[in-house]
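Shown here: work_24.txt, compact mmCIF, C-alpha atoms.
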# COMPACT_ATOMS: atom_id res chain seq x y z
CA MET A 1 -12.39 -21.02 -11.90
CA ALA A 2 -14.15 -17.66 -12.02
CA GLN A 3 -12.52 -14.73 -10.28
CA GLN A 4 -14.23 -13.53 -7.12
CA GLY A 5 -14.09 -9.96 -5.89
CA PRO A 6 -12.52 -6.89 -7.49
CA ASN A 7 -10.39 -7.07 -10.61
CA PRO A 8 -6.82 -7.01 -9.23
CA ILE A 9 -5.38 -5.27 -12.28
CA GLU A 10 -7.96 -2.46 -12.22
CA ALA A 11 -7.61 -2.11 -8.45
CA TYR A 12 -3.83 -1.94 -8.76
CA GLN A 13 -4.00 0.69 -11.49
CA GLY A 14 -6.42 2.80 -9.44
CA ALA A 15 -4.26 2.62 -6.31
CA VAL A 16 -1.16 3.55 -8.32
CA GLN A 17 -2.88 6.57 -9.89
CA GLN A 18 -4.08 7.75 -6.50
CA ILE A 19 -0.73 7.48 -4.69
CA ASN A 20 1.16 8.95 -7.64
CA LYS A 21 -1.01 12.06 -7.61
CA VAL A 22 -0.20 12.62 -3.94
CA MET A 23 3.47 11.60 -4.23
CA THR A 24 4.01 14.00 -7.14
CA ALA A 25 2.80 16.91 -5.01
CA VAL A 26 5.22 16.24 -2.14
CA ALA A 27 7.75 19.08 -1.96
CA ALA A 28 11.41 18.45 -1.17
CA ASN A 29 11.12 20.48 2.04
CA GLN A 30 8.36 18.11 3.26
CA LEU A 31 10.45 14.91 3.17
CA GLU A 32 11.42 15.25 6.84
CA SER A 33 7.83 15.95 7.97
CA SER A 34 6.30 13.56 10.48
CA THR A 35 3.56 11.16 9.42
CA PRO A 36 0.83 9.09 11.07
CA CYS A 37 3.39 6.23 10.93
CA ALA A 38 5.05 7.01 14.25
CA ASP A 39 8.61 6.02 13.32
CA TRP A 40 8.59 7.26 9.74
CA ASN A 41 8.81 10.64 8.09
CA VAL A 42 7.47 11.41 4.60
CA GLN A 43 10.67 10.19 2.94
CA SER A 44 10.42 6.89 4.83
CA VAL A 45 6.79 6.37 3.78
CA ILE A 46 7.70 7.00 0.14
CA ASN A 47 10.62 4.56 0.35
CA HIS A 48 8.37 1.99 1.99
CA ALA A 49 5.70 2.41 -0.71
CA LEU A 50 8.33 1.81 -3.40
CA ALA A 51 9.80 -1.19 -1.57
CA VAL A 52 6.40 -2.84 -1.06
CA GLN A 53 5.77 -2.74 -4.80
CA LYS A 54 9.23 -4.19 -5.50
CA PHE A 55 8.48 -6.92 -2.97
CA ALA A 56 5.06 -7.57 -4.53
CA ASN A 57 6.57 -7.93 -7.99
CA GLY A 58 9.14 -10.37 -6.64
CA VAL A 59 6.50 -12.53 -4.99
CA LEU A 60 4.27 -12.53 -8.07
CA SER A 61 7.11 -13.33 -10.45
CA GLY A 62 8.39 -16.16 -8.24
CA SER A 63 11.68 -14.43 -7.45
CA GLU A 64 13.36 -14.83 -4.11
CA VAL A 65 12.63 -11.62 -2.22
CA ASP A 66 13.78 -10.47 1.18
CA GLY A 67 10.76 -9.07 3.04
CA SER A 68 13.01 -6.83 5.13
CA ILE A 69 13.30 -4.44 2.15
CA MET A 70 9.86 -3.11 3.12
CA SER A 71 11.15 -1.76 6.44
CA ASN A 72 14.53 -0.54 5.17
CA VAL A 73 13.34 3.02 4.57
CA SER A 74 15.98 5.39 5.93
CA HIS A 75 17.81 5.95 2.63
CA PRO A 76 17.39 8.94 0.30
CA ILE A 77 14.62 9.05 -2.29
CA PRO A 78 15.86 7.41 -5.54
CA SER A 79 17.86 9.83 -7.67
CA GLU A 80 15.29 9.75 -10.47
CA GLY A 81 12.65 11.03 -8.04
CA ALA A 82 9.78 9.37 -6.22
CA SER A 83 7.24 9.55 -9.04
CA ALA A 84 9.66 8.17 -11.64
CA ALA A 85 10.70 5.36 -9.28
CA LEU A 86 7.04 4.61 -8.54
CA LYS A 87 6.19 4.51 -12.24
CA GLU A 88 9.08 2.16 -12.97
CA ILE A 89 8.26 -0.39 -10.26
CA THR A 90 4.49 -0.24 -10.67
CA ASP A 91 4.74 -0.58 -14.47
CA THR A 92 6.89 -3.66 -13.89
CA THR A 93 4.46 -5.07 -11.33
CA LEU A 94 1.48 -4.33 -13.57
CA ALA A 95 3.20 -6.15 -16.46
CA THR A 96 3.76 -9.12 -14.14
CA LEU A 97 0.11 -9.04 -13.02
CA LYS A 98 -1.01 -9.15 -16.65
CA THR A 99 1.02 -12.28 -17.34
CA ILE A 100 0.14 -14.44 -14.33
CA ASP A 101 -2.84 -16.63 -13.61
CA MET A 102 -4.49 -14.77 -10.72
CA THR A 103 -5.79 -18.06 -9.31
CA ALA A 104 -2.32 -19.66 -9.25
CA VAL A 105 -0.95 -20.04 -5.75
CA VAL A 106 2.15 -18.01 -4.85
CA GLN A 107 4.47 -18.27 -1.86
CA THR A 108 4.14 -15.22 0.39
CA PRO A 109 5.32 -14.31 3.89
CA PHE A 110 1.68 -14.73 4.91
CA GLY A 111 1.50 -18.29 3.56
CA GLU A 112 0.42 -19.67 0.22
CA MET A 113 -2.42 -17.85 -1.53
CA PRO A 114 -3.65 -17.07 -5.03
CA GLY A 115 -1.74 -14.20 -6.68
CA GLY A 116 -4.98 -12.24 -7.11
CA GLN A 117 -5.55 -12.39 -3.35
CA PHE A 118 -1.94 -11.57 -2.47
CA ILE A 119 -1.82 -8.38 -4.59
CA MET A 120 -4.66 -6.94 -2.51
CA VAL A 121 -2.22 -6.56 0.41
CA PRO A 122 0.19 -4.27 -1.50
CA ILE A 123 -2.84 -2.44 -2.93
CA ALA A 124 -4.22 -1.80 0.56
CA ASP A 125 -0.74 -0.65 1.62
CA MET A 126 -0.72 1.91 -1.20
CA ILE A 127 -4.20 3.14 -0.29
CA ILE A 128 -3.34 3.65 3.38
CA HIS A 129 -0.01 5.34 2.64
CA THR A 130 -1.66 7.63 0.11
CA TRP A 131 -3.67 8.99 3.03
CA ASP A 132 -0.54 9.18 5.22
CA LEU A 133 1.33 11.19 2.60
CA ALA A 134 -1.62 13.49 1.92
CA LYS A 135 -2.20 14.09 5.63
CA SER A 136 1.49 14.78 6.28
CA THR A 137 1.92 17.22 3.41
CA GLY A 138 -1.30 19.23 3.71
CA GLN A 139 -3.02 17.65 0.69
CA ASP A 140 -6.63 16.56 0.33
CA THR A 141 -6.97 13.33 2.33
CA THR A 142 -10.18 12.21 0.64
CA LEU A 143 -9.52 8.84 -0.96
CA ASP A 144 -11.41 7.36 -3.89
CA ALA A 145 -14.48 5.75 -2.27
CA GLY A 146 -14.11 2.48 -4.18
CA LEU A 147 -10.45 2.18 -3.26
CA ALA A 148 -11.21 3.02 0.38
CA GLU A 149 -13.79 0.22 0.45
CA LEU A 150 -11.29 -2.16 -1.15
CA GLY A 151 -8.67 -1.10 1.41
CA PHE A 152 -11.07 -1.65 4.28
CA ASN A 153 -12.08 -5.08 2.99
CA GLY A 154 -8.41 -5.98 2.57
CA MET A 155 -7.59 -4.78 6.08
CA VAL A 156 -10.34 -6.66 7.91
CA ASN A 157 -8.54 -10.00 7.71
CA VAL A 158 -4.97 -8.79 8.23
CA ALA A 159 -5.24 -5.90 10.71
CA GLU A 160 -4.81 -8.00 13.83
CA GLY A 161 -1.80 -9.81 12.37
CA GLY A 162 -0.40 -6.45 11.31
CA ARG A 163 -0.74 -5.16 14.87
CA LYS A 164 1.11 -8.21 16.22
CA MET A 165 3.93 -7.57 13.72
CA GLY A 166 4.07 -3.90 14.74
CA ALA A 167 2.83 -2.64 11.37
CA PHE A 168 -0.28 -1.00 12.84
CA GLY A 169 -1.08 0.78 16.05
CA ALA A 170 -4.02 -0.06 18.29
CA GLU A 171 -7.34 0.06 16.49
CA VAL A 172 -9.06 3.44 16.66
CA SER A 173 -12.77 3.04 17.30
CA VAL A 174 -15.02 4.55 14.64
CA PRO A 175 -18.79 4.16 14.29
CA GLU A 176 -20.09 1.30 12.14
CA SER A 177 -21.83 3.99 10.09
CA ALA A 178 -18.51 5.70 9.27
CA SER A 179 -17.21 5.78 5.72
CA PHE A 180 -15.07 2.92 4.46
CA GLN A 181 -12.14 5.34 4.48
CA ASP A 182 -12.57 6.14 8.17
CA ARG A 183 -13.18 2.49 9.03
CA MET A 184 -10.02 1.48 7.15
CA LEU A 185 -7.99 4.18 8.89
CA GLY A 186 -9.34 3.15 12.29
CA LEU A 187 -8.50 -0.50 11.63
CA SER A 188 -4.95 0.47 10.76
CA GLY A 189 -4.55 2.46 13.99
CA ARG A 190 -4.99 5.89 12.44
CA GLN A 191 -7.26 8.65 13.71
CA PRO A 192 -9.50 9.56 10.75
Please lay out the structure from this file as structure tokens.
Amino acid sequence: MAQQGPNPIEAYQGAVQQINKVMTAVAANQLESSTPCADWNVQSVINHALAVQKFANGVLSGSEVDGSIMSNVSHPIPSEGASAALKEITDTTLATLKTIDMTAVVQTPFGEMPGGQFIMVPIADMIIHTWDLAKSTGQDTTLDAGLAELGFNGMVNVAEGGRKMGAFGAEVSVPESASFQDRMLGLSGRQP
């Protein structure tokens, strides 16, 4: 069966590079800064981003994973630092992605789906939280246009479910002519 849509490995690598650039520039004195995620500060968003990738790797590798790790974010940044922790978990997840059949169905909290489809959810999470971290720490909030489009397309089908689970705020209305980045942010309850 031929793969449809974006290459999950390339999309994952691009999202990792983008969030790592922003995460690396976060200063220690910014960890307590507020973010567009109402209940989370910068440290919480970083911990969430790391936990989502750990969760994704567990799902893709067929391990039993507790989804609550993604919301357990009030602990300190890992002692090795955010960027080193991100590199470790994303290298592991990338290695897993390279060994699995992307069309093989995996068990996820969202139901059964092909691994290549599932990984788009953690990718979209990275893209959105890249913006959150950049916005909260005074960095350039312009996302890679291709990744923003991928994030928007990934959000379209899950945004309403995310709102019901409390992961997103109410949709912010943006014009149909807005950029994919602004449309993605609006869907996720963020003011572009």
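Residue nearest Pro36 of chain A, chosen from A:Asp125, A:Asp132, A:Asp91, A:Glu112 and counting all atoms listed in the file: A:Asp132.
Taking all atoms listed in the file, the non-local environment of Glu10 of chain A within 12 Å (same-chain residues fewer than 6 positions away omitted) comprises A:Val16, A:Gln17, A:Leu94, A:Leu97, A:Lys98, A:Gly116, A:Ile119, A:Met120, A:Ile123, A:Gly146, A:Leu147, A:Leu150.
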Practice item. Give me the residues within 12 Å of segment 52-68 of chain A as number ranges by chain, counting all atoms listed in the file and dropping any in the same chain fewer than 6 places off. Key: A: 12, 15-16, 45-46, 85-126, 129
Practice item. Would you mind telling me which residue in A:Asn29, A:Leu187, A:Val42, A:Val156 lies nearest to Glu171 of chain A when using all atoms listed in the file? Key: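 Result for the nearest residue to Glu171 of chain A: A:Leu187.
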Exercise for review: Identify, on the basis of only C-alpha atoms, every residue whose closest approach to His75 of chain A does not exceed 10 Å; exclude the query and any residue fewer than 2 positions from it along the same chain; express the result as a list in words.
Suggested key: Gln43, Ser44, Asn47, Asn72, Val73, Ile77 and Pro78 of chain A
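Take atom CA of Ser83 of chain A and atom CA of Asn20 of chain A: the distance between them is 6.3 Å.
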Practice item. In Å, rounded to a single decimal, give me how far atom CA of Glu80 of chain A is from atom CA of Glu32 of chain A. Key: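 Atom CA of Glu80 of chain A lies at a distance of 18.6 Å from atom CA of Glu32 of chain A.
Interatomic distance, atom CA of Gly154 of chain A to atom CA of Gln30 of chain A: 29.4 Å.
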**Study point:** Closest of A:Met155, A:Ala170, A:Met23, A:Met165 to Ser71 of chain A - atom-to-atom distances counting all atoms listed in the file
**Key:**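 Ranked by minimum distance to Ser71 of chain A, first place goes to A:Met165.
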Practice item. Would you mind telling me which residue in A:Asp39, A:Ala82, A:Trp131, A:Asp144 lies nearest to Phe168 of chain A when using all atoms listed in the file? Key: A:Asp39
So that I can check the surroundings of Gln191 of chain A, please list as an mmCIF file with C-alpha atoms, in the coordinates of the input every protein, DNA and RNA residue that reaches within 10 Å of it, counting all atoms listed in the file and ignoring chain neighbours fewer than 6 positions away.
data_model
loop_
_atom_site.group_PDB
_atom_site.id
_atom_site.type_symbol
_atom_site.label_atom_id
_atom_site.label_comp_id
_atom_site.auth_asym_id
_atom_site.auth_seq_id
_atom_site.Cartn_x
_atom_site.Cartn_y
_atom_site.Cartn_z
ATOM 1 C CA PRO A 36 0.830 9.090 11.070
ATOM 2 C CA GLU A 171 -7.340 0.060 16.490
ATOM 3 C CA VAL A 172 -9.060 3.440 16.660
ATOM 4 C CA SER A 173 -12.770 3.040 17.300
ATOM 5 C CA VAL A 174 -15.020 4.550 14.640
ATOM 6 C CA ASP A 182 -12.570 6.140 8.170
ATOM 7 C CA ARG A 183 -13.180 2.490 9.030
ATOM 8 C CA LEU A 185 -7.990 4.180 8.890
#
May I have the protein, DNA and RNA residues with any atom at most 6 Å from the point (0.9, 13.6, 9.4), counting only C-alpha atoms, written as a CSV table (one decimal) with C-alpha atoms, keeping the file's coordinate frame?
chain,number,residue,atom,x,y,z
A,34,SER,CA,6.3,13.6,10.5
A,35,THR,CA,3.6,11.2,9.4
A,36,PRO,CA,0.8,9.1,11.1
A,135,LYS,CA,-2.2,14.1,5.6
A,136,SER,CA,1.5,14.8,6.3
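Summary of the local environment: counting all atoms listed in the file, residues at most 9 Å from Ala145 of chain A, other than itself and those fewer than 4 positions away along its chain, are Glu149, Leu150, Ser179, Phe180 and Gln181 of chain A.
If only C-alpha atoms are the atoms counted, then among A:Ser79, A:Thr130, A:Thr137, A:Asn7 the closest residue to Leu31 of chain A is A:Thr137.
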Exercise for review: Pick out the closest residue to Ala27 of chain A from this set: A:Gly138, A:Asn157, A:Arg190, A:Ser177. Count only C-alpha atoms.
Suggested key: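 Of all the options, A:Gly138 lies closest to Ala27 of chain A.
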